[in-house]
$ cat entry-v6.cif   # mmCIF, C-alpha atoms and all ligand atoms
data_final
loop_
_atom_site.group_PDB
_atom_site.id
_atom_site.type_symbol
_atom_site.label_atom_id
_atom_site.label_comp_id
_atom_site.auth_asym_id
_atom_site.auth_seq_id
_atom_site.Cartn_x
_atom_site.Cartn_y
_atom_site.Cartn_z
ATOM 1 C CA MET T 1 -17.191 -5.599 -17.330
ATOM 2 C CA ARG T 2 -19.323 -3.203 -15.280
ATOM 3 C CA LEU T 3 -18.584 -1.410 -12.042
ATOM 4 C CA THR T 4 -21.326 -0.661 -9.530
ATOM 5 C CA GLN T 5 -21.238 1.762 -6.661
ATOM 6 C CA ILE T 6 -23.133 0.152 -3.792
ATOM 7 C CA ALA T 7 -25.800 2.407 -2.361
ATOM 8 C CA THR T 8 -25.117 3.509 1.169
ATOM 9 C CA GLU T 9 -26.772 5.983 3.395
ATOM 10 C CA TYR T 10 -24.596 8.641 1.722
ATOM 11 C CA SER T 11 -24.767 7.639 -1.946
ATOM 12 C CA THR T 12 -26.928 6.185 -4.661
ATOM 13 C CA SER T 13 -26.176 3.215 -6.874
ATOM 14 C CA VAL T 14 -24.578 3.885 -10.280
ATOM 15 C CA ASP T 15 -23.344 1.568 -13.009
ATOM 16 C CA VAL T 16 -20.434 2.345 -15.327
ATOM 17 C CA ASP T 17 -18.575 0.459 -18.041
ATOM 18 C CA LEU T 18 -15.027 -0.389 -17.102
ATOM 19 C CA ASP T 19 -13.667 0.915 -20.384
ATOM 20 C CA ALA T 20 -15.321 4.289 -20.023
ATOM 21 C CA SER T 21 -13.357 7.217 -18.571
ATOM 22 C CA GLU T 22 -16.429 7.459 -16.347
ATOM 23 C CA CYS T 23 -15.018 4.465 -14.445
ATOM 24 C CA ARG T 24 -11.778 6.259 -13.538
ATOM 25 C CA ASP T 25 -13.778 9.388 -12.693
ATOM 26 C CA LEU T 26 -15.995 7.399 -10.340
ATOM 27 C CA ILE T 27 -12.985 5.821 -8.632
ATOM 28 C CA THR T 28 -11.266 9.189 -8.366
ATOM 29 C CA ARG T 29 -14.350 10.751 -6.788
ATOM 30 C CA GLN T 30 -14.704 7.850 -4.387
ATOM 31 C CA TYR T 31 -11.080 7.614 -3.342
ATOM 32 C CA ALA T 32 -9.990 11.268 -3.371
ATOM 33 C CA ARG T 33 -9.156 12.657 0.058
ATOM 34 C CA THR T 34 -8.866 16.310 0.825
ATOM 35 C CA ASP T 35 -7.273 15.979 4.255
ATOM 36 C CA ALA T 36 -3.599 16.888 4.379
ATOM 37 C CA THR T 37 -2.544 13.970 6.596
ATOM 38 C CA TYR T 38 -3.634 10.353 6.460
ATOM 39 C CA VAL T 39 -2.377 6.771 6.544
ATOM 40 C CA ARG T 40 -4.216 4.386 4.281
ATOM 41 C CA LEU T 41 -3.785 0.675 3.850
ATOM 42 C CA ASN T 42 -4.374 -0.471 0.278
ATOM 43 C CA MET T 43 -4.239 -4.213 -0.300
ATOM 44 C CA ILE T 44 -6.009 -7.100 -1.992
ATOM 45 C CA THR T 45 -7.095 -10.406 -0.491
ATOM 46 C CA SER T 46 -8.689 -13.557 -1.865
ATOM 47 C CA LEU T 47 -11.949 -14.799 -0.333
ATOM 48 C CA THR T 48 -9.810 -17.192 1.685
ATOM 49 C CA GLY T 49 -7.733 -14.359 3.126
ATOM 50 C CA SER T 50 -4.647 -14.938 0.993
ATOM 51 C CA ALA T 51 -2.386 -12.016 0.097
ATOM 52 C CA ALA T 52 -0.942 -13.892 -2.866
ATOM 53 C CA GLY T 53 -2.292 -15.917 -5.771
ATOM 54 C CA THR T 54 -0.933 -18.924 -7.619
ATOM 55 C CA ASP T 55 2.350 -17.203 -8.579
ATOM 56 C CA GLY T 56 3.112 -16.289 -4.952
ATOM 57 C CA THR T 57 2.427 -12.592 -5.553
ATOM 58 C CA SER T 58 -0.642 -10.354 -5.686
ATOM 59 C CA ASP T 59 -0.298 -10.183 -9.506
ATOM 60 C CA THR T 60 -2.548 -13.235 -9.801
ATOM 61 C CA LEU T 61 -5.200 -11.783 -7.473
ATOM 62 C CA THR T 62 -5.562 -8.336 -8.995
ATOM 63 C CA ASN T 63 -7.676 -7.172 -11.944
ATOM 64 C CA PRO T 64 -7.956 -3.965 -14.027
ATOM 65 C CA VAL T 65 -10.298 -2.155 -11.603
ATOM 66 C CA ASP T 66 -8.048 -2.960 -8.639
ATOM 67 C CA ARG T 67 -5.054 -1.656 -10.594
ATOM 68 C CA MET T 68 -7.005 1.491 -11.464
ATOM 69 C CA ILE T 69 -7.792 1.988 -7.765
ATOM 70 C CA LEU T 70 -4.114 1.437 -6.912
ATOM 71 C CA GLY T 71 -3.175 4.163 -9.397
ATOM 72 C CA VAL T 72 -5.771 6.603 -8.053
ATOM 73 C CA VAL T 73 -4.796 5.966 -4.407
ATOM 74 C CA ARG T 74 -1.118 6.397 -5.304
ATOM 75 C CA SER T 75 -1.746 9.617 -7.205
ATOM 76 C CA ASP T 76 -3.518 11.052 -4.154
ATOM 77 C CA ALA T 77 -0.623 10.154 -1.832
ATOM 78 C CA ASP T 78 2.757 11.714 -1.044
ATOM 79 C CA VAL T 79 4.394 8.368 -0.332
ATOM 80 C CA VAL T 80 3.811 4.636 -0.805
ATOM 81 C CA VAL T 81 5.297 2.476 1.974
ATOM 82 C CA VAL T 82 6.206 -1.174 1.347
ATOM 83 C CA GLY T 83 8.096 -3.936 3.105
ATOM 84 C CA ALA T 84 11.391 -5.004 1.548
ATOM 85 C CA GLN T 85 10.128 -8.535 0.894
ATOM 86 C CA SER T 86 7.427 -7.218 -1.447
ATOM 87 C CA VAL T 87 10.053 -5.291 -3.382
ATOM 88 C CA ARG T 88 12.184 -8.420 -3.616
ATOM 89 C CA ALA T 89 9.182 -10.630 -4.591
ATOM 90 C CA GLU T 90 7.385 -8.326 -7.015
ATOM 91 C CA GLY T 91 8.718 -6.143 -9.797
ATOM 92 C CA TYR T 92 7.836 -3.031 -7.837
ATOM 93 C CA ILE T 93 7.281 0.017 -10.010
ATOM 94 C CA VAL T 94 8.127 3.414 -8.547
ATOM 95 C CA PRO T 95 4.905 5.478 -8.505
ATOM 96 C CA ARG T 96 4.686 8.340 -11.008
ATOM 97 C CA THR T 97 3.960 11.082 -8.503
ATOM 98 C CA ALA T 98 4.295 9.682 -4.982
ATOM 99 C CA ARG T 99 7.605 8.650 -3.435
ATOM 100 C CA LEU T 100 8.310 4.994 -2.594
ATOM 101 C CA ALA T 101 9.554 4.146 0.911
ATOM 102 C CA VAL T 102 10.988 0.623 1.227
ATOM 103 C CA VAL T 103 11.282 -0.571 4.824
ATOM 104 C CA THR T 104 14.034 -3.026 5.747
ATOM 105 C CA SER T 105 15.621 -4.196 8.968
ATOM 106 C CA SER T 106 18.277 -6.436 7.414
ATOM 107 C CA GLY T 107 19.353 -3.776 4.938
ATOM 108 C CA ASN T 108 19.731 -6.578 2.409
ATOM 109 C CA LEU T 109 18.070 -5.456 -0.807
ATOM 110 C CA THR T 110 19.365 -8.367 -2.893
ATOM 111 C CA GLY T 111 16.892 -9.297 -5.596
ATOM 112 C CA HIS T 112 15.107 -5.974 -5.743
ATOM 113 C CA GLN T 113 14.051 -4.938 -9.228
ATOM 114 C CA LEU T 114 14.194 -1.178 -8.752
ATOM 115 C CA ARG T 115 15.696 0.496 -11.821
ATOM 116 C CA LEU T 116 18.760 2.127 -10.307
ATOM 117 C CA ASP T 117 19.830 3.460 -13.698
ATOM 118 C CA ASP T 118 16.598 5.441 -14.091
ATOM 119 C CA GLU T 119 17.814 8.491 -12.204
ATOM 120 C CA GLU T 120 14.524 10.367 -12.263
ATOM 121 C CA SER T 121 12.465 7.575 -10.704
ATOM 122 C CA ILE T 122 15.146 6.330 -8.327
ATOM 123 C CA ARG T 123 15.315 9.804 -6.739
ATOM 124 C CA GLN T 124 11.733 9.107 -5.613
ATOM 125 C CA VAL T 125 12.866 6.111 -3.537
ATOM 126 C CA LEU T 126 13.630 6.190 0.175
ATOM 127 C CA ILE T 127 15.076 3.221 1.984
ATOM 128 C CA VAL T 128 13.900 3.236 5.590
ATOM 129 C CA CYS T 129 16.313 1.058 7.545
ATOM 130 C CA ALA T 130 17.611 0.341 11.004
ATOM 131 C CA LYS T 131 20.478 2.736 11.860
ATOM 132 C CA GLU T 132 22.946 -0.130 12.164
ATOM 133 C CA ARG T 133 22.241 -1.108 8.539
ATOM 134 C CA ALA T 134 22.502 2.301 6.912
ATOM 135 C CA GLU T 135 26.120 1.816 5.798
ATOM 136 C CA GLU T 136 25.324 -1.571 4.286
ATOM 137 C CA VAL T 137 22.361 -0.108 2.392
ATOM 138 C CA ARG T 138 24.544 2.737 1.051
ATOM 139 C CA ARG T 139 27.172 0.233 -0.036
ATOM 140 C CA GLN T 140 24.574 -1.723 -2.027
ATOM 141 C CA LEU T 141 23.143 1.374 -3.662
ATOM 142 C CA GLY T 142 26.526 2.905 -4.486
ATOM 143 C CA SER T 143 26.258 6.484 -5.672
ATOM 144 C CA HIS T 144 22.679 6.125 -6.945
ATOM 145 C CA PRO T 145 20.614 9.028 -5.610
ATOM 146 C CA VAL T 146 18.452 7.079 -3.176
ATOM 147 C CA GLU T 147 17.622 8.723 0.149
ATOM 148 C CA ILE T 148 18.419 6.542 3.158
ATOM 149 C CA VAL T 149 16.337 7.150 6.265
ATOM 150 C CA ALA T 150 18.137 5.536 9.197
ATOM 151 C CA LEU T 151 15.952 5.036 12.273
ATOM 152 C CA ALA T 152 16.257 3.415 15.678
ATOM 153 C CA SER T 153 14.972 -0.150 15.840
ATOM 154 C CA GLY T 154 14.002 -2.583 18.586
ATOM 155 C CA ALA T 155 15.897 -5.682 19.661
ATOM 156 C CA ASP T 156 14.224 -7.584 16.789
ATOM 157 C CA GLY T 157 15.584 -5.046 14.289
ATOM 158 C CA ARG T 158 12.115 -3.691 13.603
ATOM 159 C CA ILE T 159 11.361 0.005 13.373
ATOM 160 C CA ALA T 160 8.146 1.142 15.065
ATOM 161 C CA PRO T 161 5.455 2.111 12.501
ATOM 162 C CA GLN T 162 4.877 5.461 14.230
ATOM 163 C CA ASP T 163 8.605 6.267 13.878
ATOM 164 C CA ILE T 164 8.339 5.531 10.147
ATOM 165 C CA ILE T 165 5.303 7.817 9.820
ATOM 166 C CA ASP T 166 7.077 10.570 11.811
ATOM 167 C CA ALA T 167 10.229 10.320 9.687
ATOM 168 C CA LEU T 168 8.143 10.622 6.516
ATOM 169 C CA ALA T 169 6.275 13.619 7.962
ATOM 170 C CA GLU T 170 9.637 15.310 8.649
ATOM 171 C CA ARG T 171 10.182 15.092 4.891
ATOM 172 C CA ALA T 172 6.753 16.653 4.227
ATOM 173 C CA LEU T 173 5.310 13.257 3.247
ATOM 174 C CA HIS T 174 2.036 13.417 5.148
ATOM 175 C CA ARG T 175 -0.336 11.478 2.884
ATOM 176 C CA VAL T 176 0.774 7.903 3.273
ATOM 177 C CA VAL T 177 -0.415 4.671 1.683
ATOM 178 C CA CYS T 178 0.909 1.369 2.983
ATOM 179 C CA GLU T 179 0.668 -1.316 0.299
ATOM 180 C CA GLY T 180 1.934 -4.206 2.423
ATOM 181 C CA GLY T 181 3.022 -6.882 2.291
ATOM 182 C CA PRO T 182 1.244 -8.630 5.122
ATOM 183 C CA SER T 183 4.162 -8.448 7.551
ATOM 184 C CA LEU T 184 4.622 -4.668 7.360
ATOM 185 C CA ALA T 185 0.889 -3.998 6.982
ATOM 186 C CA SER T 186 0.046 -6.055 10.077
ATOM 187 C CA GLN T 187 2.468 -3.999 12.164
ATOM 188 C CA PHE T 188 0.896 -0.790 10.876
ATOM 189 C CA VAL T 189 -2.538 -2.167 11.764
ATOM 190 C CA GLN T 190 -1.531 -3.285 15.250
ATOM 191 C CA ALA T 191 0.229 0.002 15.948
ATOM 192 C CA GLY T 192 -3.118 1.703 15.254
ATOM 193 C CA VAL T 193 -1.652 4.088 12.660
ATOM 194 C CA ILE T 194 -4.056 3.175 9.810
ATOM 195 C CA ASP T 195 -6.994 5.541 9.429
ATOM 196 C CA GLU T 196 -8.514 3.986 6.321
ATOM 197 C CA TYR T 197 -8.599 0.433 5.033
ATOM 198 C CA CYS T 198 -8.890 0.178 1.235
ATOM 199 C CA VAL T 199 -9.364 -3.532 0.699
ATOM 200 C CA THR T 200 -10.117 -5.339 -2.531
ATOM 201 C CA VAL T 201 -11.706 -8.739 -2.038
ATOM 202 C CA ALA T 202 -11.067 -10.934 -5.079
ATOM 203 C CA PRO T 203 -13.607 -13.737 -5.677
ATOM 204 C CA LEU T 204 -10.850 -16.352 -5.654
ATOM 205 C CA LEU T 205 -10.477 -19.363 -3.411
ATOM 206 C CA GLU T 206 -6.704 -19.628 -3.059
ATOM 207 C CA PRO T 207 -4.946 -21.654 -0.380
ATOM 208 C CA ALA T 208 -4.174 -19.036 2.247
ATOM 209 C CA ASN T 209 -0.502 -19.890 2.754
ATOM 210 C CA ALA T 210 0.305 -16.184 2.949
ATOM 211 C CA PRO T 211 -2.458 -14.638 5.084
ATOM 212 C CA PHE T 212 -3.571 -11.149 4.088
ATOM 213 C CA LEU T 213 -3.014 -9.801 7.611
ATOM 214 C CA THR T 214 -1.197 -11.697 10.353
ATOM 215 C CA ILE T 215 -2.613 -10.132 13.466
ATOM 216 C CA GLU T 216 -1.241 -11.526 16.716
ATOM 217 C CA ARG T 217 -3.998 -10.196 18.978
ATOM 218 C CA ALA T 218 -7.553 -9.065 18.319
ATOM 219 C CA PHE T 219 -7.666 -5.484 17.132
ATOM 220 C CA ARG T 220 -11.091 -3.955 16.599
ATOM 221 C CA PRO T 221 -11.040 -0.337 15.539
ATOM 222 C CA ARG T 222 -14.437 1.328 15.213
ATOM 223 C CA THR T 223 -14.997 1.877 11.500
ATOM 224 C CA GLU T 224 -17.590 3.251 9.110
ATOM 225 C CA VAL T 225 -18.061 2.460 5.434
ATOM 226 C CA ALA T 226 -16.481 5.276 3.434
ATOM 227 C CA GLY T 227 -17.195 3.600 0.102
ATOM 228 C CA HIS T 228 -18.039 0.292 -1.521
ATOM 229 C CA LEU T 229 -17.786 -0.686 -5.167
ATOM 230 C CA ALA T 230 -18.388 -4.049 -6.775
ATOM 231 C CA ASP T 231 -17.754 -5.168 -10.338
ATOM 232 C CA SER T 232 -19.598 -7.661 -12.478
ATOM 233 C CA ALA T 233 -16.838 -10.261 -11.999
ATOM 234 C CA GLY T 234 -17.488 -10.322 -8.248
ATOM 235 C CA PHE T 235 -14.560 -8.208 -7.023
ATOM 236 C CA ASN T 236 -15.500 -5.965 -4.095
ATOM 237 C CA TYR T 237 -13.699 -2.731 -3.272
ATOM 238 C CA LEU T 238 -14.282 -1.701 0.293
ATOM 239 C CA ARG T 239 -13.170 1.425 2.094
ATOM 240 C CA LEU T 240 -13.472 1.445 5.861
ATOM 241 C CA ARG T 241 -12.649 4.671 7.673
ATOM 242 C CA VAL T 242 -11.540 4.417 11.294
ATOM 243 C CA VAL T 243 -13.745 6.478 13.571
ATOM 244 C CA VAL T 244 -11.857 8.233 16.360
HETATM 245 N N1 LIG X 301 -2.162 -8.744 -1.373
HETATM 246 C C1 LIG X 301 -1.527 -7.598 -1.416
HETATM 247 O O1 LIG X 301 -2.136 -6.528 -1.484
HETATM 248 C C2 LIG X 301 -0.020 -7.604 -1.365
HETATM 249 C C3 LIG X 301 0.671 -6.394 -1.293
HETATM 250 C C4 LIG X 301 2.065 -6.422 -1.236
HETATM 251 C C5 LIG X 301 2.724 -7.644 -1.259
HETATM 252 N N2 LIG X 301 2.020 -8.786 -1.357
HETATM 253 C C6 LIG X 301 2.698 -10.089 -1.333
HETATM 254 O O2 LIG X 301 3.143 -10.281 -0.002
HETATM 255 C C7 LIG X 301 4.360 -11.028 0.000
HETATM 256 C C8 LIG X 301 5.398 -10.269 0.784
HETATM 257 O O3 LIG X 301 4.876 -9.924 2.037
HETATM 258 P P1 LIG X 301 5.643 -10.251 3.399
HETATM 259 O O4 LIG X 301 4.654 -10.093 4.481
HETATM 260 O O5 LIG X 301 6.361 -11.541 3.262
HETATM 261 O O6 LIG X 301 6.746 -9.131 3.450
HETATM 262 P P2 LIG X 301 6.698 -7.533 3.446
HETATM 263 O O7 LIG X 301 5.791 -7.029 4.504
HETATM 264 O O8 LIG X 301 6.527 -7.024 2.075
HETATM 265 O O9 LIG X 301 8.211 -7.254 3.832
HETATM 266 C C9 LIG X 301 8.726 -7.790 5.019
HETATM 267 C C10 LIG X 301 10.092 -7.218 5.186
HETATM 268 O O10 LIG X 301 9.996 -5.811 5.383
HETATM 269 C C11 LIG X 301 10.927 -5.392 6.346
HETATM 270 N N3 LIG X 301 10.188 -4.957 7.521
HETATM 271 C C12 LIG X 301 8.905 -5.259 7.853
HETATM 272 N N4 LIG X 301 8.563 -4.623 8.971
HETATM 273 C C13 LIG X 301 9.643 -3.906 9.353
HETATM 274 C C14 LIG X 301 9.904 -3.034 10.432
HETATM 275 N N5 LIG X 301 8.981 -2.783 11.366
HETATM 276 N N6 LIG X 301 11.129 -2.463 10.521
HETATM 277 C C15 LIG X 301 12.084 -2.705 9.589
HETATM 278 N N7 LIG X 301 11.894 -3.532 8.538
HETATM 279 C C16 LIG X 301 10.689 -4.117 8.427
HETATM 280 C C17 LIG X 301 11.806 -6.597 6.627
HETATM 281 O O11 LIG X 301 12.774 -6.536 5.592
HETATM 282 P P3 LIG X 301 14.186 -7.264 5.625
HETATM 283 O O12 LIG X 301 13.889 -8.704 5.368
HETATM 284 O O13 LIG X 301 14.951 -6.644 4.511
HETATM 285 O O14 LIG X 301 14.761 -7.011 6.958
HETATM 286 C C18 LIG X 301 10.825 -7.740 6.407
HETATM 287 O O15 LIG X 301 11.439 -8.974 6.155
HETATM 288 C C19 LIG X 301 4.738 -11.227 -1.434
HETATM 289 O O16 LIG X 301 4.260 -12.491 -1.825
HETATM 290 C C20 LIG X 301 3.963 -10.158 -2.164
HETATM 291 O O17 LIG X 301 3.705 -10.549 -3.480
HETATM 292 C C21 LIG X 301 0.665 -8.791 -1.388
#

$ encode --input "entry-v6.cif" --output "structure tokens"
Amino acid sequence: MRLTQIATEYSTSVDVDLDASECRDLITRQYARTDATYVRLNMITSLTGSAAGTDGTSDTLTNPVDRMILGVVRSDADVVVVGAQSVRAEGYIVPRTARLAVVTSSGNLTGHQLRLDDEESIRQVLIVCAKERAEEVRRQLGSHPVEIVALASGADGRIAPQDIIDALAERALHRVVCEGGPSLASQFVQAGVIDEYCVTVAPLLEPANAPFLTIERAFRPRTEVAGHLADSAGFNYLRLRVVV
């Protein structure tokens, strides 16, 4: 498979083999950010706007380049933020360098596949929950060294995205990547906290039972193309930077 960098006003077109280390270098150059504070969204969608493939997860949408991008974006970040349902639905792996913040309002982590017995990686995990649920979360996690971040929530039990970002910043986690799922990601989008959209578009026509973003009202941030890659299988890797 080959990976092509689409020519933009700022770059020229280059072609690299997926197997070559050149490919990772290209992705690293494209996706690296030098700013000390940012909030990225990194997700994949089918052409039909589905966040999940035939198995009900993004595992059947993704491909090796997308996974490489995920790894590069994670390695650039201080923290990966995900909704609890994604952690329950997917075998979520704690990133190697970044921390993993799991957001929950119910505090019910039943079905998660986090390796509690792996002390080194579980120390990287934060559970961001509504204050009222903090005790319940601690009870489920026992003495495992997971940090619980208890925050105020609204009447619906939801914590405001900006409060999540602020709580992470208080812990010196300033470079944030939200990996979804759609429910959490849509709230981040609508709260206007995302400054860069890293979106993989997979050339798959899946029934869109689980829409990629579930926006309740039109939201049209002004954006510019920060990068665009395409591979020979038809996957597109778009980066849109919000212009303020
Ligand atoms: N395409 C992609 O890139 C991608 C990425 C990730 C996941 N996925 C797929 O997306 C699906 C899961 O997505 P989803 O939209 O159903 O769920 P989700 O966004 O992963 O998680 C939703 C859950 O997160 C918690 N939550 C969300 N917003 C919150 C807030 N403001 N305050 C407190 N807690 C909050 C709640 O947890 P509680 O229920 O515990 O209260 C809520 O039920 C799975 O199929 C997964 O495979 C796709």

$ residues_near_ligand --input "entry-v6.cif" --ligand "ligand LIG 301 (chain X)" --cutoff "7 Å" --atoms "only C-alpha atoms and all ligand atoms" --output "PyMOL selection string"
chain T and resi 42-45+51-52+56-58+82-87+89-90+103-109+129-130+153+157-161+179-185+187+212

$ write_last_selection --input "entry-v6.cif" --atoms "C-alpha atoms" --output "tab-separated table (two decimals), in the coordinates of the input"
chain	number	residue	atom	x	y	z
T	42	ASN	CA	-4.37	-0.47	0.28
T	43	MET	CA	-4.24	-4.21	-0.30
T	44	ILE	CA	-6.01	-7.10	-1.99
T	45	THR	CA	-7.10	-10.41	-0.49
T	51	ALA	CA	-2.39	-12.02	0.10
T	52	ALA	CA	-0.94	-13.89	-2.87
T	56	GLY	CA	3.11	-16.29	-4.95
T	57	THR	CA	2.43	-12.59	-5.55
T	58	SER	CA	-0.64	-10.35	-5.69
T	82	VAL	CA	6.21	-1.17	1.35
T	83	GLY	CA	8.10	-3.94	3.10
T	84	ALA	CA	11.39	-5.00	1.55
T	85	GLN	CA	10.13	-8.54	0.89
T	86	SER	CA	7.43	-7.22	-1.45
T	87	VAL	CA	10.05	-5.29	-3.38
T	89	ALA	CA	9.18	-10.63	-4.59
T	90	GLU	CA	7.38	-8.33	-7.02
T	103	VAL	CA	11.28	-0.57	4.82
T	104	THR	CA	14.03	-3.03	5.75
T	105	SER	CA	15.62	-4.20	8.97
T	106	SER	CA	18.28	-6.44	7.41
T	107	GLY	CA	19.35	-3.78	4.94
T	108	ASN	CA	19.73	-6.58	2.41
T	109	LEU	CA	18.07	-5.46	-0.81
T	129	CYS	CA	16.31	1.06	7.54
T	130	ALA	CA	17.61	0.34	11.00
T	153	SER	CA	14.97	-0.15	15.84
T	157	GLY	CA	15.58	-5.05	14.29
T	158	ARG	CA	12.12	-3.69	13.60
T	159	ILE	CA	11.36	0.00	13.37
T	160	ALA	CA	8.15	1.14	15.06
T	161	PRO	CA	5.46	2.11	12.50
T	179	GLU	CA	0.67	-1.32	0.30
T	180	GLY	CA	1.93	-4.21	2.42
T	181	GLY	CA	3.02	-6.88	2.29
T	182	PRO	CA	1.24	-8.63	5.12
T	183	SER	CA	4.16	-8.45	7.55
T	184	LEU	CA	4.62	-4.67	7.36
T	185	ALA	CA	0.89	-4.00	6.98
T	187	GLN	CA	2.47	-4.00	12.16
T	212	PHE	CA	-3.57	-11.15	4.09

$ atom_distance --input "entry-v6.cif" --atom1 "CA of Arg139 in chain T" --atom2 "CA of Leu126 in chain T"
14.8 Å

$ resolve_selection --input "entry-v6.cif" --expression "the PyMOL selection byres (((chain T and resi 27-37) around 8) and not hetatm)" --output "CSV table (one decimal) with C-alpha atoms, in the frame of the given file"
chain,number,residue,atom,x,y,z
T,23,CYS,CA,-15.0,4.5,-14.4
T,24,ARG,CA,-11.8,6.3,-13.5
T,25,ASP,CA,-13.8,9.4,-12.7
T,26,LEU,CA,-16.0,7.4,-10.3
T,38,TYR,CA,-3.6,10.4,6.5
T,39,VAL,CA,-2.4,6.8,6.5
T,68,MET,CA,-7.0,1.5,-11.5
T,69,ILE,CA,-7.8,2.0,-7.8
T,72,VAL,CA,-5.8,6.6,-8.1
T,73,VAL,CA,-4.8,6.0,-4.4
T,76,ASP,CA,-3.5,11.1,-4.2
T,174,HIS,CA,2.0,13.4,5.1
T,175,ARG,CA,-0.3,11.5,2.9
T,176,VAL,CA,0.8,7.9,3.3
T,227,GLY,CA,-17.2,3.6,0.1

$ closest_residue --input "entry-v6.cif" --among "T:Tyr237, T:Val242, T:Ser21, T:Asp195" --to "Thr4 in chain T" --atoms "all atoms listed in the file"
T:Tyr237

$ closest_residue --input "entry-v6.cif" --among "T:Val146, T:Pro95, T:Gly154, T:Ala230" --to "Val199 in chain T" --atoms "all atoms listed in the file"
T:Ala230

$ closest_atom_pairs --input "entry-v6.cif" --of "range 104-208 of chain T" --to "range 96-100 of chain T" --cutoff "12 Å" --atoms "only C-alpha atoms" --output "tab-separated table"
residue	atom	partner	partner_atom	distance
T:Leu114	CA	T:Leu100	CA	10.5
T:Glu120	CA	T:Arg96	CA	10.1
T:Ser121	CA	T:Arg96	CA	7.8
T:Ile122	CA	T:Leu100	CA	9.0
T:Arg123	CA	T:Arg99	CA	8.5
T:Gln124	CA	T:Arg99	CA	4.7
T:Val125	CA	T:Leu100	CA	4.8
T:Leu126	CA	T:Leu100	CA	6.1
T:Ile127	CA	T:Leu100	CA	8.4
T:Val128	CA	T:Leu100	CA	10.1
T:Val146	CA	T:Leu100	CA	10.4
T:Glu147	CA	T:Leu100	CA	10.4
T:Ile148	CA	T:Leu100	CA	11.7
T:Leu168	CA	T:Arg99	CA	10.2
T:Arg171	CA	T:Arg99	CA	10.8
T:Ala172	CA	T:Arg99	CA	11.1
T:Leu173	CA	T:Arg99	CA	8.4
T:His174	CA	T:Ala98	CA	11.0
T:Arg175	CA	T:Ala98	CA	9.3
T:Val176	CA	T:Ala98	CA	9.1
T:Val177	CA	T:Ala98	CA	9.6
T:Cys178	CA	T:Leu100	CA	10.0
T:Glu179	CA	T:Leu100	CA	10.3

$ atom_distance --input "entry-v6.cif" --atom1 "CA of Glu132 in chain T" --atom2 "CA of Phe188 in chain T"
22.1 Å

$ atom_distance --input "entry-v6.cif" --atom1 "CA of Pro64 in chain T" --atom2 "CA of Arg40 in chain T"
20.5 Å

$ residues_around --input "entry-v6.cif" --residues "Ser232 in chain T" --least-positions-apart "6" --cutoff "12 Å" --atoms "all atoms listed in the file" --output "compact mmCIF listing (two decimals) with C-alpha atoms, keeping the file's coordinate frame"
# COMPACT_ATOMS: atom_id res chain seq x y z
CA MET T 1 -17.19 -5.60 -17.33
CA ARG T 2 -19.32 -3.20 -15.28
CA LEU T 3 -18.58 -1.41 -12.04
CA THR T 4 -21.33 -0.66 -9.53
CA GLN T 5 -21.24 1.76 -6.66
CA ASP T 15 -23.34 1.57 -13.01
CA VAL T 16 -20.43 2.35 -15.33
CA ASP T 17 -18.58 0.46 -18.04
CA LEU T 18 -15.03 -0.39 -17.10
CA ASN T 63 -7.68 -7.17 -11.94
CA VAL T 65 -10.30 -2.15 -11.60
CA ALA T 202 -11.07 -10.93 -5.08
CA PRO T 203 -13.61 -13.74 -5.68

$ build_atoms --input "entry-v6.cif" --residues "range 182-188 of chain T" --atoms "N, CA, C and O atoms" --output "mmCIF file, keeping the file's coordinate frame"
data_model
loop_
_atom_site.group_PDB
_atom_site.id
_atom_site.type_symbol
_atom_site.label_atom_id
_atom_site.label_comp_id
_atom_site.auth_asym_id
_atom_site.auth_seq_id
_atom_site.Cartn_x
_atom_site.Cartn_y
_atom_site.Cartn_z
ATOM 1 N N PRO T 182 1.919 -8.309 3.879
ATOM 2 C CA PRO T 182 1.244 -8.630 5.122
ATOM 3 C C PRO T 182 2.055 -8.360 6.385
ATOM 4 O O PRO T 182 1.502 -7.886 7.377
ATOM 5 N N SER T 183 3.350 -8.619 6.338
ATOM 6 C CA SER T 183 4.162 -8.448 7.551
ATOM 7 C C SER T 183 4.208 -6.973 7.960
ATOM 8 O O SER T 183 3.882 -6.624 9.099
ATOM 9 N N LEU T 184 4.556 -6.092 7.034
ATOM 10 C CA LEU T 184 4.622 -4.668 7.360
ATOM 11 C C LEU T 184 3.219 -4.124 7.653
ATOM 12 O O LEU T 184 3.008 -3.397 8.628
ATOM 13 N N ALA T 185 2.253 -4.518 6.825
ATOM 14 C CA ALA T 185 0.889 -3.998 6.982
ATOM 15 C C ALA T 185 0.322 -4.376 8.352
ATOM 16 O O ALA T 185 -0.319 -3.555 9.014
ATOM 17 N N SER T 186 0.582 -5.603 8.788
ATOM 18 C CA SER T 186 0.046 -6.055 10.077
ATOM 19 C C SER T 186 0.613 -5.225 11.224
ATOM 20 O O SER T 186 -0.094 -4.907 12.184
ATOM 21 N N GLN T 187 1.876 -4.848 11.106
ATOM 22 C CA GLN T 187 2.468 -3.999 12.164
ATOM 23 C C GLN T 187 1.826 -2.610 12.154
ATOM 24 O O GLN T 187 1.568 -2.033 13.205
ATOM 25 N N PHE T 188 1.566 -2.097 10.962
ATOM 26 C CA PHE T 188 0.896 -0.790 10.876
ATOM 27 C C PHE T 188 -0.497 -0.873 11.507
ATOM 28 O O PHE T 188 -0.927 0.014 12.222
#
